[in-house]
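Data first, discussion second: the structure below is written as structure tokens.
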Amino acid sequence: MPGPTPVSPPRSFLHIVQSCDDIRVADERQDGAAGLVLWHLFPPPTSPVVGLLRLEIVNQLREEAQSSDCSSQPVWFFGQDCTTGREWVSFADGISTPSARSRVMKDLCERWRDSGFWPEEISPRKWRNELYPVYRNPFGPRDYPGHAAEDVHGDTLNYAFQMERSATGLFGVAVYGVHMTVYEEVPAEDGKRTTYEIWVPRRAATKQTWPGYLDNSVAGGIEVGLAVFDCVMKEAMEEASIPEDIVRRYAQSTGTVSNFLRTSSGWLQPELGFVYDLCLPPNSGVKLKPLDGEAESFELLPLGKVIEHMRAGMFVYSSAIVLVDFMVRKGIITPENESGYQEIVARLHERFNYDIQASCVTHGAMKSATA
């Protein structure tokens, strides 16, 4: 069965967080061979940056633009900062509404899928057929207006467009998900403190990503138009058979985690997760079990065993950092027992550096050309 191989020596908590937050954009852009190109929503200088593109993506966009019918409306705008020489890409001037951008991305992603481009990300086997929202500010309002009214507010919302989930890594756009740790409190033998047992699933061997790895109790991506807590309830039932009334009664929002990950194929994936805790009361009778086949099994594990598996690299990276966050909040990881405490806490809340990269571009003069 596919799955993780335990690593040796065991990873520290800081290493666990670094494994899921391993991109430093400024460092990447200093390497000319692996440089990243800013993806603007529309031509700078006032445009937000919505993604970061590897050069092979930019080259493909440029090739398609140059080979398109000259009578057709331009789709992409290619520019360069006259001061730094850094390239940037944006939608062309005429692609100026959310629905227009969504159509462009739908056509492009499906065309690349059918042409066999980047099969490790968007082959038919990897295709998710789920739409994810893209926002101007990844930390701003989640103000998607609805499937039937994408342009009802013109182009004034934080919502910018939607695109196929499996292609988000190709474009370096931020994606959103929910994570809920379901646990039980267990009095310690000394009676002076509480320890925890956590429900841990093993992902099915048929999963498109991370097959066979251990995961957070409940986790899932937030599709376009789905509210955060609605996503929690949906995933809790579908993945773990947790009744809606239990989730509504006991689930508590505890914040967010955010990280900037380089995938195993080298693609960039900024991620923001909405974090929830669900502490089951004594004798609740609730036992997590698979329902939709996403998980192979569930096991209620003592926290010490969970930590052992985390340090051995047995967890999905994004789920491991949620458990690190849980232990920080519960006072298990502290400044007194963890030398990397400050960096751990800071890197659990990565800002993606989009704003820094945008300022690098807008401080210079622009030259641009449609294609």
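Residues in the structure tokens are named by chain (A, B, ... in the order shown) and by number from 1 within that chain; ligands are numbered from 1 in the order shown.
Omitting Ala204 (chain A) and its sequence neighbours fewer than 2 positions away, and counting only C-alpha atoms, the residues within 10 Å are A:Met1, A:Pro2, A:Gly3, A:Pro201, A:Arg202, A:Thr206, A:Lys207, A:Gln208, A:Thr209, A:Trp210, A:Pro211, A:Gly212, A:Tyr213, A:Leu214, A:Pro290, A:Gly293, A:Glu294, A:Ala295, A:Glu296, A:Ser297.
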Could you dump the residues just selected with all heavy atoms as a compact mmCIF listing (two decimals), in the first residue's frame?
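Writing done, so here's out-v3.txt:
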```txt
# COMPACT_ATOMS: atom_id res chain seq x y z
N MET A 1 0.85 -1.20 0.00
CA MET A 1 0.00 0.00 0.00
C MET A 1 0.88 1.24 0.00
O MET A 1 1.88 1.31 0.73
CB MET A 1 -0.88 0.01 1.25
CG MET A 1 -1.89 1.15 1.28
SD MET A 1 -2.73 1.32 2.88
CE MET A 1 -1.45 2.14 3.83
N PRO A 2 0.57 2.25 -0.84
CA PRO A 2 1.36 3.47 -0.81
C PRO A 2 1.22 4.17 0.52
O PRO A 2 0.22 4.04 1.22
CB PRO A 2 0.75 4.31 -1.94
CG PRO A 2 -0.65 3.80 -2.09
CD PRO A 2 -0.57 2.33 -1.78
N GLY A 3 2.21 4.91 0.88
CA GLY A 3 2.17 5.62 2.15
C GLY A 3 3.55 6.08 2.52
O GLY A 3 4.53 5.87 1.80
N PRO A 201 -7.17 9.75 11.29
CA PRO A 201 -7.47 8.89 10.14
C PRO A 201 -6.23 8.55 9.33
O PRO A 201 -5.24 9.30 9.34
CB PRO A 201 -8.42 9.76 9.31
CG PRO A 201 -7.94 11.15 9.56
CD PRO A 201 -7.40 11.17 10.98
N ARG A 202 -6.30 7.43 8.64
CA ARG A 202 -5.31 7.11 7.62
C ARG A 202 -5.99 7.30 6.26
O ARG A 202 -7.06 6.75 6.00
CB ARG A 202 -4.79 5.68 7.75
CG ARG A 202 -3.70 5.36 6.71
CD ARG A 202 -3.12 3.98 6.92
NE ARG A 202 -2.41 3.87 8.19
CZ ARG A 202 -1.17 4.29 8.40
NH1 ARG A 202 -0.49 4.87 7.42
NH2 ARG A 202 -0.62 4.14 9.58
N THR A 206 -6.24 5.17 -2.41
CA THR A 206 -6.67 5.66 -3.72
C THR A 206 -6.70 7.18 -3.80
O THR A 206 -7.05 7.73 -4.85
CB THR A 206 -8.09 5.13 -4.02
OG1 THR A 206 -8.97 5.49 -2.93
CG2 THR A 206 -8.07 3.61 -4.17
N LYS A 207 -6.34 7.89 -2.72
CA LYS A 207 -6.36 9.35 -2.74
C LYS A 207 -5.40 9.88 -3.80
O LYS A 207 -4.30 9.36 -3.98
CB LYS A 207 -5.97 9.90 -1.37
CG LYS A 207 -7.05 9.77 -0.32
CD LYS A 207 -8.17 10.78 -0.53
CE LYS A 207 -7.73 12.18 -0.19
NZ LYS A 207 -8.84 13.16 -0.38
N GLN A 208 -5.80 10.98 -4.46
CA GLN A 208 -4.96 11.59 -5.49
C GLN A 208 -3.70 12.22 -4.89
O GLN A 208 -2.68 12.33 -5.56
CB GLN A 208 -5.77 12.64 -6.26
CG GLN A 208 -6.91 12.05 -7.08
CD GLN A 208 -7.97 13.08 -7.39
OE1 GLN A 208 -8.46 13.77 -6.51
NE2 GLN A 208 -8.35 13.19 -8.65
N THR A 209 -3.80 12.66 -3.65
CA THR A 209 -2.65 13.26 -2.97
C THR A 209 -2.45 12.59 -1.61
O THR A 209 -3.41 12.23 -0.95
CB THR A 209 -2.87 14.77 -2.77
OG1 THR A 209 -4.11 14.98 -2.06
CG2 THR A 209 -2.96 15.49 -4.11
N TRP A 210 -1.21 12.41 -1.23
CA TRP A 210 -0.84 11.87 0.08
C TRP A 210 -1.53 10.54 0.41
O TRP A 210 -2.05 10.36 1.52
CB TRP A 210 -1.13 12.89 1.19
CG TRP A 210 -0.46 14.21 1.03
CD1 TRP A 210 -0.97 15.31 0.42
CD2 TRP A 210 0.85 14.58 1.49
NE1 TRP A 210 -0.07 16.36 0.47
CE2 TRP A 210 1.05 15.93 1.13
CE3 TRP A 210 1.85 13.92 2.20
CZ2 TRP A 210 2.22 16.62 1.42
CZ3 TRP A 210 3.01 14.60 2.49
CH2 TRP A 210 3.20 15.93 2.11
N PRO A 211 -1.57 9.58 -0.51
CA PRO A 211 -2.23 8.31 -0.20
C PRO A 211 -1.53 7.57 0.94
O PRO A 211 -0.30 7.49 0.98
CB PRO A 211 -2.13 7.52 -1.51
CG PRO A 211 -0.93 8.11 -2.21
CD PRO A 211 -0.94 9.57 -1.84
N GLY A 212 -2.33 7.05 1.87
CA GLY A 212 -1.78 6.25 2.96
C GLY A 212 -1.20 7.03 4.12
O GLY A 212 -0.80 6.43 5.12
N TYR A 213 -1.16 8.35 4.04
CA TYR A 213 -0.60 9.15 5.13
C TYR A 213 -1.65 9.34 6.23
O TYR A 213 -2.86 9.21 6.01
CB TYR A 213 -0.18 10.53 4.62
CG TYR A 213 1.19 10.58 3.99
CD1 TYR A 213 1.42 10.05 2.73
CD2 TYR A 213 2.27 11.16 4.66
CE1 TYR A 213 2.68 10.09 2.15
CE2 TYR A 213 3.53 11.22 4.09
CZ TYR A 213 3.73 10.68 2.84
OH TYR A 213 4.97 10.71 2.27
N LEU A 214 -1.18 9.67 7.42
CA LEU A 214 -2.07 10.06 8.50
C LEU A 214 -2.49 11.51 8.29
O LEU A 214 -1.77 12.30 7.68
CB LEU A 214 -1.37 9.89 9.85
CG LEU A 214 -0.86 8.48 10.17
CD1 LEU A 214 -0.19 8.46 11.53
CD2 LEU A 214 -1.98 7.46 10.10
N PRO A 290 -14.92 5.97 8.68
CA PRO A 290 -15.01 6.43 7.30
C PRO A 290 -16.42 6.32 6.75
O PRO A 290 -17.18 5.43 7.13
CB PRO A 290 -14.06 5.48 6.55
CG PRO A 290 -13.17 4.89 7.60
CD PRO A 290 -14.00 4.82 8.84
N GLY A 293 -15.05 7.08 1.83
CA GLY A 293 -13.89 6.43 1.25
C GLY A 293 -12.64 7.28 1.21
O GLY A 293 -11.58 6.81 0.77
N GLU A 294 -12.71 8.54 1.67
CA GLU A 294 -11.52 9.39 1.71
C GLU A 294 -10.51 8.87 2.73
O GLU A 294 -9.30 8.99 2.54
CB GLU A 294 -11.92 10.83 2.06
CG GLU A 294 -12.81 11.52 1.04
CD GLU A 294 -12.03 12.00 -0.17
OE1 GLU A 294 -11.02 12.70 0.02
OE2 GLU A 294 -12.44 11.65 -1.29
N ALA A 295 -11.02 8.32 3.82
CA ALA A 295 -10.17 7.73 4.85
C ALA A 295 -10.33 6.22 4.83
O ALA A 295 -11.41 5.69 4.56
CB ALA A 295 -10.53 8.27 6.22
N GLU A 296 -9.25 5.54 5.13
CA GLU A 296 -9.27 4.09 5.20
C GLU A 296 -9.73 3.61 6.57
O GLU A 296 -10.44 2.61 6.71
CB GLU A 296 -7.88 3.55 4.89
CG GLU A 296 -7.72 2.05 4.98
CD GLU A 296 -6.28 1.65 4.74
OE1 GLU A 296 -5.86 1.68 3.57
OE2 GLU A 296 -5.58 1.32 5.72
N SER A 297 -9.32 4.35 7.61
CA SER A 297 -9.64 3.95 8.97
C SER A 297 -9.42 5.13 9.90
O SER A 297 -8.77 6.12 9.54
CB SER A 297 -8.77 2.77 9.42
OG SER A 297 -7.39 3.14 9.38
```
**Prompt:** In region 111-301 of chain A, what's strand (DSSP E) per DSSP? Answer as an NGL selection string?
**Reply:** :A and (131-135 or 159-164 or 175-187 or 194-203 or 218-221 or 251-262 or 268-279 or 295-301)
Quiz item: Hey, what's within 10 Å of region 322-337 of chain A if we count only C-alpha atoms and toss same-chain stuff fewer than 2 positions away? As number ranges by chain, please?
Solution: A: 13-14, 16-17, 179-181, 194-196, 198, 215-216, 254-258, 273-277, 303, 306-307, 310, 315, 317-320, 339-342, 344-345, 348
Work out how far apart CA of Val7 (chain A) and CA of Gly304 (chain A) are and give it in Å to one decimal.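 Taking CA of Val7 (chain A) as the start and CA of Gly304 (chain A) as the end point, the length is 17.3 Å.
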Any idea what's packed within 12 Å of Arg248 (chain A), counting only C-alpha atoms, ignoring anything in its chain fewer than 3 positions away? Could you give it as a PDB file with N, CA, C and O atoms, in the first residue's frame?
```
ATOM      1  N   PHE A 229     -17.802  27.315   7.978  1.00  0.00           N
ATOM      2  CA  PHE A 229     -18.369  26.344   8.918  1.00  0.00           C
ATOM      3  C   PHE A 229     -19.232  25.306   8.202  1.00  0.00           C
ATOM      4  O   PHE A 229     -19.300  24.150   8.626  1.00  0.00           O
ATOM      5  N   ASP A 230     -19.866  25.690   7.099  1.00  0.00           N
ATOM      6  CA  ASP A 230     -20.591  24.707   6.301  1.00  0.00           C
ATOM      7  C   ASP A 230     -19.641  23.646   5.769  1.00  0.00           C
ATOM      8  O   ASP A 230     -19.989  22.455   5.690  1.00  0.00           O
ATOM      9  N   VAL A 232     -16.870  22.719   7.290  1.00  0.00           N
ATOM     10  CA  VAL A 232     -16.534  21.878   8.439  1.00  0.00           C
ATOM     11  C   VAL A 232     -17.603  20.798   8.634  1.00  0.00           C
ATOM     12  O   VAL A 232     -17.290  19.605   8.800  1.00  0.00           O
ATOM     13  N   MET A 233     -18.871  21.195   8.623  1.00  0.00           N
ATOM     14  CA  MET A 233     -19.951  20.224   8.835  1.00  0.00           C
ATOM     15  C   MET A 233     -19.999  19.196   7.709  1.00  0.00           C
ATOM     16  O   MET A 233     -20.198  17.996   7.954  1.00  0.00           O
ATOM     17  N   LYS A 234     -19.822  19.655   6.487  1.00  0.00           N
ATOM     18  CA  LYS A 234     -19.840  18.752   5.336  1.00  0.00           C
ATOM     19  C   LYS A 234     -18.728  17.704   5.443  1.00  0.00           C
ATOM     20  O   LYS A 234     -18.969  16.497   5.296  1.00  0.00           O
ATOM     21  N   ALA A 236     -17.014  16.840   8.109  1.00  0.00           N
ATOM     22  CA  ALA A 236     -17.133  16.030   9.321  1.00  0.00           C
ATOM     23  C   ALA A 236     -18.029  14.823   9.088  1.00  0.00           C
ATOM     24  O   ALA A 236     -17.724  13.705   9.528  1.00  0.00           O
ATOM     25  N   MET A 237     -19.133  15.031   8.380  1.00  0.00           N
ATOM     26  CA  MET A 237     -20.020  13.915   8.097  1.00  0.00           C
ATOM     27  C   MET A 237     -19.453  13.016   7.007  1.00  0.00           C
ATOM     28  O   MET A 237     -19.388  11.787   7.149  1.00  0.00           O
ATOM     29  N   ILE A 242     -19.374  12.163  11.580  1.00  0.00           N
ATOM     30  CA  ILE A 242     -19.731  12.918  12.790  1.00  0.00           C
ATOM     31  C   ILE A 242     -21.059  13.625  12.536  1.00  0.00           C
ATOM     32  O   ILE A 242     -21.162  14.435  11.611  1.00  0.00           O
ATOM     33  N   PRO A 243     -22.083  13.362  13.352  1.00  0.00           N
ATOM     34  CA  PRO A 243     -23.392  13.984  13.132  1.00  0.00           C
ATOM     35  C   PRO A 243     -23.327  15.506  13.211  1.00  0.00           C
ATOM     36  O   PRO A 243     -22.529  16.080  13.961  1.00  0.00           O
ATOM     37  N   GLU A 244     -24.192  16.163  12.438  1.00  0.00           N
ATOM     38  CA  GLU A 244     -24.203  17.623  12.384  1.00  0.00           C
ATOM     39  C   GLU A 244     -24.454  18.239  13.756  1.00  0.00           C
ATOM     40  O   GLU A 244     -23.856  19.263  14.097  1.00  0.00           O
ATOM     41  N   ASP A 245     -25.346  17.636  14.563  1.00  0.00           N
ATOM     42  CA  ASP A 245     -25.659  18.236  15.859  1.00  0.00           C
ATOM     43  C   ASP A 245     -24.460  18.213  16.803  1.00  0.00           C
ATOM     44  O   ASP A 245     -24.286  19.127  17.616  1.00  0.00           O
ATOM     45  N   ALA A 251     -18.001  22.004  18.222  1.00  0.00           N
ATOM     46  CA  ALA A 251     -16.883  22.542  17.440  1.00  0.00           C
ATOM     47  C   ALA A 251     -16.647  24.003  17.792  1.00  0.00           C
ATOM     48  O   ALA A 251     -17.589  24.788  17.906  1.00  0.00           O
ATOM     49  N   GLN A 252     -15.386  24.372  17.938  1.00  0.00           N
ATOM     50  CA  GLN A 252     -15.010  25.746  18.263  1.00  0.00           C
ATOM     51  C   GLN A 252     -13.931  26.235  17.305  1.00  0.00           C
ATOM     52  O   GLN A 252     -12.930  25.552  17.088  1.00  0.00           O
ATOM     53  N   SER A 253     -14.169  27.416  16.753  1.00  0.00           N
ATOM     54  CA  SER A 253     -13.154  28.038  15.907  1.00  0.00           C
ATOM     55  C   SER A 253     -11.995  28.508  16.780  1.00  0.00           C
ATOM     56  O   SER A 253     -12.200  29.164  17.807  1.00  0.00           O
ATOM     57  N   TYR A 276     -10.341  24.384  13.705  1.00  0.00           N
ATOM     58  CA  TYR A 276     -11.392  24.129  14.694  1.00  0.00           C
ATOM     59  C   TYR A 276     -10.946  23.012  15.630  1.00  0.00           C
ATOM     60  O   TYR A 276     -10.188  22.114  15.241  1.00  0.00           O
ATOM     61  N   ASP A 277     -11.418  23.084  16.856  1.00  0.00           N
ATOM     62  CA  ASP A 277     -11.289  21.997  17.832  1.00  0.00           C
ATOM     63  C   ASP A 277     -12.669  21.443  18.122  1.00  0.00           C
ATOM     64  O   ASP A 277     -13.663  22.189  18.180  1.00  0.00           O
ATOM     65  N   LEU A 278     -12.743  20.134  18.334  1.00  0.00           N
ATOM     66  CA  LEU A 278     -13.981  19.514  18.801  1.00  0.00           C
ATOM     67  C   LEU A 278     -13.604  18.539  19.909  1.00  0.00           C
ATOM     68  O   LEU A 278     -13.032  17.476  19.642  1.00  0.00           O
ATOM     69  N   CYS A 279     -13.869  18.949  21.144  1.00  0.00           N
ATOM     70  CA  CYS A 279     -13.592  18.107  22.303  1.00  0.00           C
ATOM     71  C   CYS A 279     -14.848  17.302  22.620  1.00  0.00           C
ATOM     72  O   CYS A 279     -15.881  17.871  22.997  1.00  0.00           O
TER      73      CYS A 279
END
```
So how many Å separate CA of Phe77 (chain A) and CA of Gly51 (chain A), to one decimal?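 That distance, rounded to one decimal, is 14.6 Å.
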**Prompt:** Which one of A:Trp118, A:Phe42, A:Arg111, A:Val49 sits closest to Ser96 (chain A) if you count only C-alpha atoms?
**Reply:**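 So, comparing all the options, the nearest one is A:Phe42.
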